[in-house]
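Novice: Just one file: final_2.cif, with mmCIF, C-alpha atoms.
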```cif
data_upload
loop_
_atom_site.label_atom_id
_atom_site.label_comp_id
_atom_site.auth_asym_id
_atom_site.auth_seq_id
_atom_site.Cartn_x
_atom_site.Cartn_y
_atom_site.Cartn_z
CA MET T 168 -10.85 8.38 3.47
CA LEU T 169 -11.22 7.87 -0.28
CA MET T 170 -12.43 11.43 -0.80
CA ASP T 171 -9.54 12.71 1.29
CA ILE T 172 -7.10 10.76 -0.86
CA SER T 173 -8.61 12.09 -4.07
CA SER T 174 -8.21 15.65 -2.74
CA ARG T 175 -4.49 15.06 -2.02
CA ALA T 176 -3.49 13.03 -5.08
CA LYS T 177 -1.49 15.20 -7.44
CA LYS T 178 -2.36 15.35 -11.13
CA ARG T 179 -0.44 12.93 -13.31
CA SER T 180 1.28 11.34 -10.33
CA THR T 181 1.22 7.73 -9.16
CA ILE T 182 -0.71 6.23 -6.24
CA LEU T 183 0.55 3.05 -4.58
CA ASP T 184 -2.08 0.71 -3.13
CA VAL T 185 -0.21 -1.67 -0.83
CA GLY T 186 -2.60 -4.41 0.29
CA ALA T 187 -5.01 -3.89 -2.61
CA ASN T 188 -7.30 -6.81 -1.77
CA ILE T 189 -9.95 -7.14 -4.54
CA GLY T 190 -9.34 -3.64 -5.86
CA ASN T 191 -11.95 -1.36 -4.30
CA HIS T 192 -9.42 1.40 -3.61
CA THR T 193 -7.39 0.74 -6.77
CA ILE T 194 -10.45 1.17 -8.97
CA TYR T 195 -11.57 4.28 -7.09
CA PHE T 196 -8.11 5.84 -7.43
CA SER T 197 -8.01 5.04 -11.16
CA LEU T 198 -11.45 6.39 -11.93
CA LEU T 199 -11.80 9.35 -9.57
CA CYS T 200 -8.28 10.67 -9.02
CA ASP T 201 -6.60 12.52 -11.87
CA VAL T 202 -3.46 10.40 -11.68
CA GLU T 203 -1.24 8.88 -14.33
CA LYS T 204 -1.26 5.41 -12.81
CA VAL T 205 -1.98 3.23 -9.81
CA ILE T 206 0.40 0.48 -8.75
CA SER T 207 -1.25 -2.19 -6.60
CA PHE T 208 0.20 -4.99 -4.51
CA GLU T 209 -1.69 -8.08 -3.35
CA PRO T 210 0.12 -11.27 -2.25
CA GLN T 211 -2.76 -13.79 -2.06
CA LYS T 212 -3.15 -15.61 -5.40
CA ASN T 213 -6.94 -15.99 -5.32
CA VAL T 214 -7.44 -12.40 -4.15
CA TYR T 215 -4.93 -11.13 -6.72
CA ASP T 216 -6.86 -12.97 -9.46
CA THR T 217 -10.07 -11.24 -8.33
CA LEU T 218 -8.22 -7.90 -8.24
CA CYS T 219 -7.11 -8.41 -11.86
CA ARG T 220 -10.63 -9.39 -12.98
CA ASN T 221 -12.06 -6.29 -11.32
CA ILE T 222 -9.43 -4.10 -12.98
CA ARG T 223 -10.21 -5.59 -16.42
CA ARG T 224 -13.97 -5.13 -15.92
CA ASN T 225 -13.82 -1.55 -14.70
CA LEU T 226 -10.80 0.20 -16.16
CA LYS T 227 -9.02 1.03 -19.37
CA GLU T 228 -5.88 -0.99 -19.89
CA GLY T 229 -2.60 0.53 -18.84
CA LYS T 230 -3.59 2.79 -15.96
CA VAL T 231 -3.12 0.12 -13.28
CA ILE T 232 -0.14 -2.13 -12.70
CA ALA T 233 -0.95 -4.98 -10.32
CA HIS T 234 1.76 -7.04 -8.66
CA GLN T 235 1.17 -10.40 -6.99
CA MET T 236 3.63 -9.96 -4.14
CA GLY T 237 3.91 -8.75 -0.60
CA LEU T 238 6.08 -5.86 0.51
CA GLY T 239 8.41 -5.81 3.47
CA SER T 240 11.77 -4.58 4.72
CA ILE T 241 13.86 -7.15 2.81
CA GLU T 242 13.64 -9.43 -0.22
CA THR T 243 12.32 -12.73 1.12
CA LYS T 244 9.37 -15.11 0.94
CA ALA T 245 6.24 -15.81 2.98
CA ASN T 246 3.36 -18.22 3.43
CA LEU T 247 -0.25 -17.31 4.09
CA GLY T 248 -1.26 -17.45 7.71
CA GLU T 249 -4.68 -18.64 8.76
CA VAL T 250 -7.29 -17.47 6.23
CA ASP T 251 -10.55 -16.04 7.58
CA ASP T 252 -13.20 -17.17 5.06
CA LYS T 253 -15.49 -14.34 6.19
CA ASN T 254 -12.86 -11.65 5.61
CA ILE T 255 -9.99 -12.58 3.31
CA GLY T 256 -8.60 -9.07 3.79
CA MET T 257 -7.61 -10.02 7.34
CA THR T 258 -5.21 -12.76 6.25
CA LYS T 259 -1.68 -12.31 7.58
CA LEU T 260 1.61 -13.42 6.07
CA ASP T 261 4.12 -15.66 7.79
CA VAL T 262 7.49 -14.38 6.56
CA ASN T 263 10.13 -17.09 6.09
CA ASP T 264 12.76 -18.07 3.54
CA THR T 265 10.86 -21.08 2.20
CA GLY T 266 7.43 -19.59 1.49
CA GLU T 267 5.62 -19.49 -1.83
CA ILE T 268 4.83 -15.76 -1.81
CA ARG T 269 7.45 -13.30 -3.00
CA ILE T 270 8.21 -10.38 -0.68
CA SER T 271 10.04 -7.38 -2.08
CA THR T 272 10.78 -3.88 -0.82
CA LEU T 273 8.83 -0.91 -2.07
CA ASP T 274 12.12 0.81 -2.88
CA SER T 275 13.23 -2.00 -5.20
CA VAL T 276 9.87 -2.08 -7.02
CA VAL T 277 9.79 1.71 -7.46
CA GLU T 278 13.34 1.64 -8.86
CA LYS T 279 12.14 -0.73 -11.61
CA GLU T 280 8.84 1.04 -12.41
CA PRO T 281 8.81 4.15 -14.60
CA VAL T 282 7.22 6.65 -12.19
CA ASN T 283 7.69 10.41 -12.28
CA SER T 284 6.20 11.19 -8.90
CA ILE T 285 4.34 9.30 -6.19
CA SER T 286 1.85 11.49 -4.37
CA VAL T 287 -0.03 8.93 -2.22
CA ILE T 288 0.81 5.59 -0.64
CA LYS T 289 -1.96 3.58 1.07
CA VAL T 290 -0.78 0.68 3.24
CA ASP T 291 -3.18 -1.87 4.74
CA VAL T 292 -1.24 -5.10 5.25
CA GLU T 293 -2.50 -6.64 8.48
CA GLY T 294 0.29 -5.82 10.89
CA MET T 295 3.19 -5.64 8.41
CA GLU T 296 2.90 -1.87 7.93
CA MET T 297 6.20 -1.16 9.71
CA GLU T 298 8.02 -3.69 7.54
CA VAL T 299 6.63 -2.02 4.41
CA LEU T 300 7.78 1.40 5.66
CA ARG T 301 11.27 0.11 6.49
CA GLY T 302 11.54 -1.05 2.88
CA ALA T 303 10.33 2.30 1.53
CA ILE T 304 12.84 4.80 2.94
CA LYS T 305 14.27 5.90 -0.44
CA THR T 306 10.76 6.26 -1.85
CA LEU T 307 9.65 8.41 1.10
CA GLU T 308 12.74 10.61 0.84
CA ARG T 309 12.56 11.02 -2.94
CA HIS T 310 8.81 11.49 -3.47
CA ASN T 311 7.49 12.88 -0.14
CA PRO T 312 4.06 11.27 -0.60
CA VAL T 313 1.17 11.56 1.80
CA LEU T 314 0.65 8.25 3.58
CA TYR T 315 -2.50 6.44 4.65
CA ILE T 316 -1.33 3.72 7.03
CA GLU T 317 -3.50 1.24 8.92
CA ALA T 318 -2.60 0.84 12.59
CA ALA T 319 -4.95 -1.57 14.34
CA THR T 320 -3.56 -0.91 17.83
CA ASN T 321 -2.15 2.03 19.76
CA LYS T 322 1.18 0.20 19.92
CA GLU T 323 1.29 -0.07 16.11
CA PHE T 324 0.37 3.62 15.78
CA ASP T 325 3.11 4.65 18.21
CA GLU T 326 5.71 2.57 16.37
CA ILE T 327 4.67 3.90 12.95
CA SER T 328 4.50 7.51 14.21
CA GLY T 329 7.92 7.25 15.84
CA PHE T 330 9.46 5.82 12.68
CA LEU T 331 7.88 8.40 10.37
CA LYS T 332 8.81 11.29 12.67
CA LYS T 333 12.45 10.68 11.68
CA PHE T 334 11.42 11.67 8.14
CA ASN T 335 9.39 14.73 9.30
CA TYR T 336 6.00 13.03 8.88
CA ILE T 337 3.22 13.79 11.35
CA PRO T 338 -0.24 12.23 11.75
CA LEU T 339 -3.05 14.55 10.64
CA LYS T 340 -6.28 12.51 10.61
CA ARG T 341 -7.76 9.16 11.53
CA PHE T 342 -10.22 7.24 9.33
CA ASN T 343 -12.16 3.96 9.36
CA ALA T 344 -13.28 1.45 11.99
CA THR T 345 -9.84 -0.18 11.98
CA ALA T 346 -7.82 3.00 12.30
CA THR T 347 -6.08 4.25 9.19
CA TYR T 348 -4.02 7.39 9.71
CA LEU T 349 -3.07 10.13 7.30
CA PHE T 350 0.59 11.14 7.66
CA SER T 351 2.01 14.16 5.88
CA LYS T 352 5.51 15.54 5.69
CA VAL T 353 6.18 18.90 7.32
CA ASN T 354 9.09 21.15 6.46
#
```
Would you encode the structure as C-alpha cells?
Specialist:
Amino acid sequence: MLMDISSRAKKRSTILDVGANIGNHTIYFSLLCDVEKVISFEPQKNVYDTLCRNIRRNLKEGKVIAHQMGLGSIETKANLGEVDDKNIGMTKLDVNDTGEIRISTLDSVVEKEPVNSISVIKVDVEGMEMEVLRGAIKTLERHNPVLYIEAATNKEFDEISGFLKKFNYIPLKRFNATATYLFSKVN
C-alpha cells in the first residue's frame, strides 16, 4: 500500500494521515513521497506523544504537522474506549459531549491549514471512517484526492462505497490484512 501511495502522491502536494498512530506511514510519506507536507491526526495522548518523538527523530522540522485530535462528522468530544495493550492502534473512540479528546471535521482543519492541494488521504480510525468522510465533503470536492480507507467488514465497505459513489469515487484496489481500499475519482 505504501508504494502505491507514493506512486499516486503528487509533487509538492499534501498527504493527510488520519489515524497516524506512532507515525509509520507519516514518516514514510515524508521521506519517500515528493510532497510539500504531511498532516497527521492521532487522538490518543500517549500515542500522539510517541508520534511526535518519532517525527523529531526521523524528519526535518516543518514537513509534518501533527494534530492531537480525532476527526468526525461534527465538532464534538470523545473518550477512549477500551485500550488493547497488545495493539494500541485498535483503540476506539466513544464520541460524547463530555469527553477529553477533541473531535473536529477534516473540512474545518483544512480551512485553517495553508494547503495548496491534497493528493492523498489515508484513513484508519477503527470504525469511524464514515464519520471522517462525512466531515470531509468540501475537502473531497475541492481537492479530489485519492483515498485509502480502512473497512474492516463488508458492511463498512458497502457503506463507504455507497457514500463515495455520490462524489464519483470508485474502489480500485484492496490492501492489507484488515482491508484498506483505494478509492479514486472518475470523471
Novice: From the options T:Glu293, T:Glu203, T:Asn246, T:Thr306, which residue's atoms come nearest to Glu278 in chain T, counting all atoms listed in the file?
Specialist: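 Result for the nearest residue to Glu278 in chain T: T:Thr306.
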Novice: Taking all atoms listed in the file into account, which of T:Lys352, T:Arg223, T:Arg341, T:Arg309 comes nearest Ile285 in chain T?
Specialist: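 Among the listed residues, T:Arg309 lies closest to Ile285 in chain T.
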Novice: For each of T:Val292, T:Ile232, T:Cys219, T:Ile182, take the minimum atom-to-atom distance to Leu199 in chain T, counting only C-alpha atoms, then give the residue where this is smallest.
Specialist: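 Among the listed residues, the smallest separation from Leu199 in chain T belongs to T:Ile182.
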Novice: I'd like the residues picked by the PyMOL selection byres ((chain T and resi 183) around 8) written out as number ranges by chain, using the chain letters and numbers from the file.
Specialist: T: 181-182, 184-185, 205-207, 285, 287-289
Novice: Would you export the selected residues with C-alpha atoms as a PDB file, keeping the file's coordinate frame, please?
Specialist:
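Contents of result.pdb, freshly written:
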```pdb
ATOM      1  CA  THR T 181       1.220   7.730  -9.160  1.00  0.00           C
ATOM      2  CA  ILE T 182      -0.710   6.230  -6.240  1.00  0.00           C
ATOM      3  CA  ASP T 184      -2.080   0.710  -3.130  1.00  0.00           C
ATOM      4  CA  VAL T 185      -0.210  -1.670  -0.830  1.00  0.00           C
ATOM      5  CA  VAL T 205      -1.980   3.230  -9.810  1.00  0.00           C
ATOM      6  CA  ILE T 206       0.400   0.480  -8.750  1.00  0.00           C
ATOM      7  CA  SER T 207      -1.250  -2.190  -6.600  1.00  0.00           C
ATOM      8  CA  ILE T 285       4.340   9.300  -6.190  1.00  0.00           C
ATOM      9  CA  VAL T 287      -0.030   8.930  -2.220  1.00  0.00           C
ATOM     10  CA  ILE T 288       0.810   5.590  -0.640  1.00  0.00           C
ATOM     11  CA  LYS T 289      -1.960   3.580   1.070  1.00  0.00           C
TER      12      LYS T 289
END
```
Novice: Please identify all polymer residues lying at most 9 Å from the point (6.0, 17.8, -3.9) (file coordinates), using only C-alpha atoms, and present the result as a PyMOL selection string.
Specialist: chain T and resi 177+284-286+310-312
Novice: Which residue is closest to Ser271 in chain T? Choose from T:Ile316, T:Gly329, T:Phe208, T:Asn213 and count all atoms listed in the file.
Specialist: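 Ranking T:Ile316, T:Gly329, T:Phe208, T:Asn213 by distance to Ser271 in chain T, first place goes to T:Phe208.
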Novice: Dig up all the protein and nucleic acid residues within 7 Å of (-5.1, -3.6, -7.1) in the file frame, using all atoms listed in the file, and format them as a PDB file with C-alpha atoms, in the frame of the given file.
Specialist:
```pdb
ATOM      1  CA  ASP T 184      -2.080   0.710  -3.130  1.00  0.00           C
ATOM      2  CA  ALA T 187      -5.010  -3.890  -2.610  1.00  0.00           C
ATOM      3  CA  ASN T 188      -7.300  -6.810  -1.770  1.00  0.00           C
ATOM      4  CA  ILE T 189      -9.950  -7.140  -4.540  1.00  0.00           C
ATOM      5  CA  GLY T 190      -9.340  -3.640  -5.860  1.00  0.00           C
ATOM      6  CA  THR T 193      -7.390   0.740  -6.770  1.00  0.00           C
ATOM      7  CA  SER T 207      -1.250  -2.190  -6.600  1.00  0.00           C
ATOM      8  CA  PHE T 208       0.200  -4.990  -4.510  1.00  0.00           C
ATOM      9  CA  GLU T 209      -1.690  -8.080  -3.350  1.00  0.00           C
ATOM     10  CA  LEU T 218      -8.220  -7.900  -8.240  1.00  0.00           C
ATOM     11  CA  ALA T 233      -0.950  -4.980 -10.320  1.00  0.00           C
TER      12      ALA T 233
END
```
Novice: Could you tell me which residues the PyMOL selection byres ((chain T and resi 297) around 9) grabs in this file, written as an mmCIF file with C-alpha atoms, in the frame of the given file?
Specialist:
```cif
data_model
loop_
_atom_site.group_PDB
_atom_site.id
_atom_site.type_symbol
_atom_site.label_atom_id
_atom_site.label_comp_id
_atom_site.auth_asym_id
_atom_site.auth_seq_id
_atom_site.Cartn_x
_atom_site.Cartn_y
_atom_site.Cartn_z
ATOM 1 C CA GLY T 239 8.410 -5.810 3.470
ATOM 2 C CA SER T 240 11.770 -4.580 4.720
ATOM 3 C CA GLY T 294 0.290 -5.820 10.890
ATOM 4 C CA MET T 295 3.190 -5.640 8.410
ATOM 5 C CA GLU T 296 2.900 -1.870 7.930
ATOM 6 C CA GLU T 298 8.020 -3.690 7.540
ATOM 7 C CA VAL T 299 6.630 -2.020 4.410
ATOM 8 C CA LEU T 300 7.780 1.400 5.660
ATOM 9 C CA ARG T 301 11.270 0.110 6.490
ATOM 10 C CA GLY T 302 11.540 -1.050 2.880
ATOM 11 C CA GLU T 323 1.290 -0.070 16.110
ATOM 12 C CA GLU T 326 5.710 2.570 16.370
ATOM 13 C CA ILE T 327 4.670 3.900 12.950
ATOM 14 C CA PHE T 330 9.460 5.820 12.680
#
```
Novice: How would you write, as a list in words, the residues chosen by the PyMOL selection byres ((chain T and resi 273) around 7) on this structure?
Specialist: Leu238, Ser271, Thr272, Asp274, Ser275, Val276, Val277, Val299, Gly302 and Ala303 of chain T
Novice: Give me the range 282-326 of chain T side of the contact with range 332-339 of chain T, cut-off 9 Å, one line per residue showing its nearest atom pair and distance in Å at one decimal, counting all atoms listed in the file, sorted by chain and residue number, as CSV.
Specialist:
```
residue,atom,partner,partner_atom,distance
T:Ile304,CA,T:Phe334,CA,8.7
T:Leu307,CA,T:Phe334,CA,8.0
T:Glu308,CA,T:Phe334,CA,7.5
T:Val313,CA,T:Tyr336,CA,8.7
T:Leu314,CA,T:Tyr336,CA,8.9
```
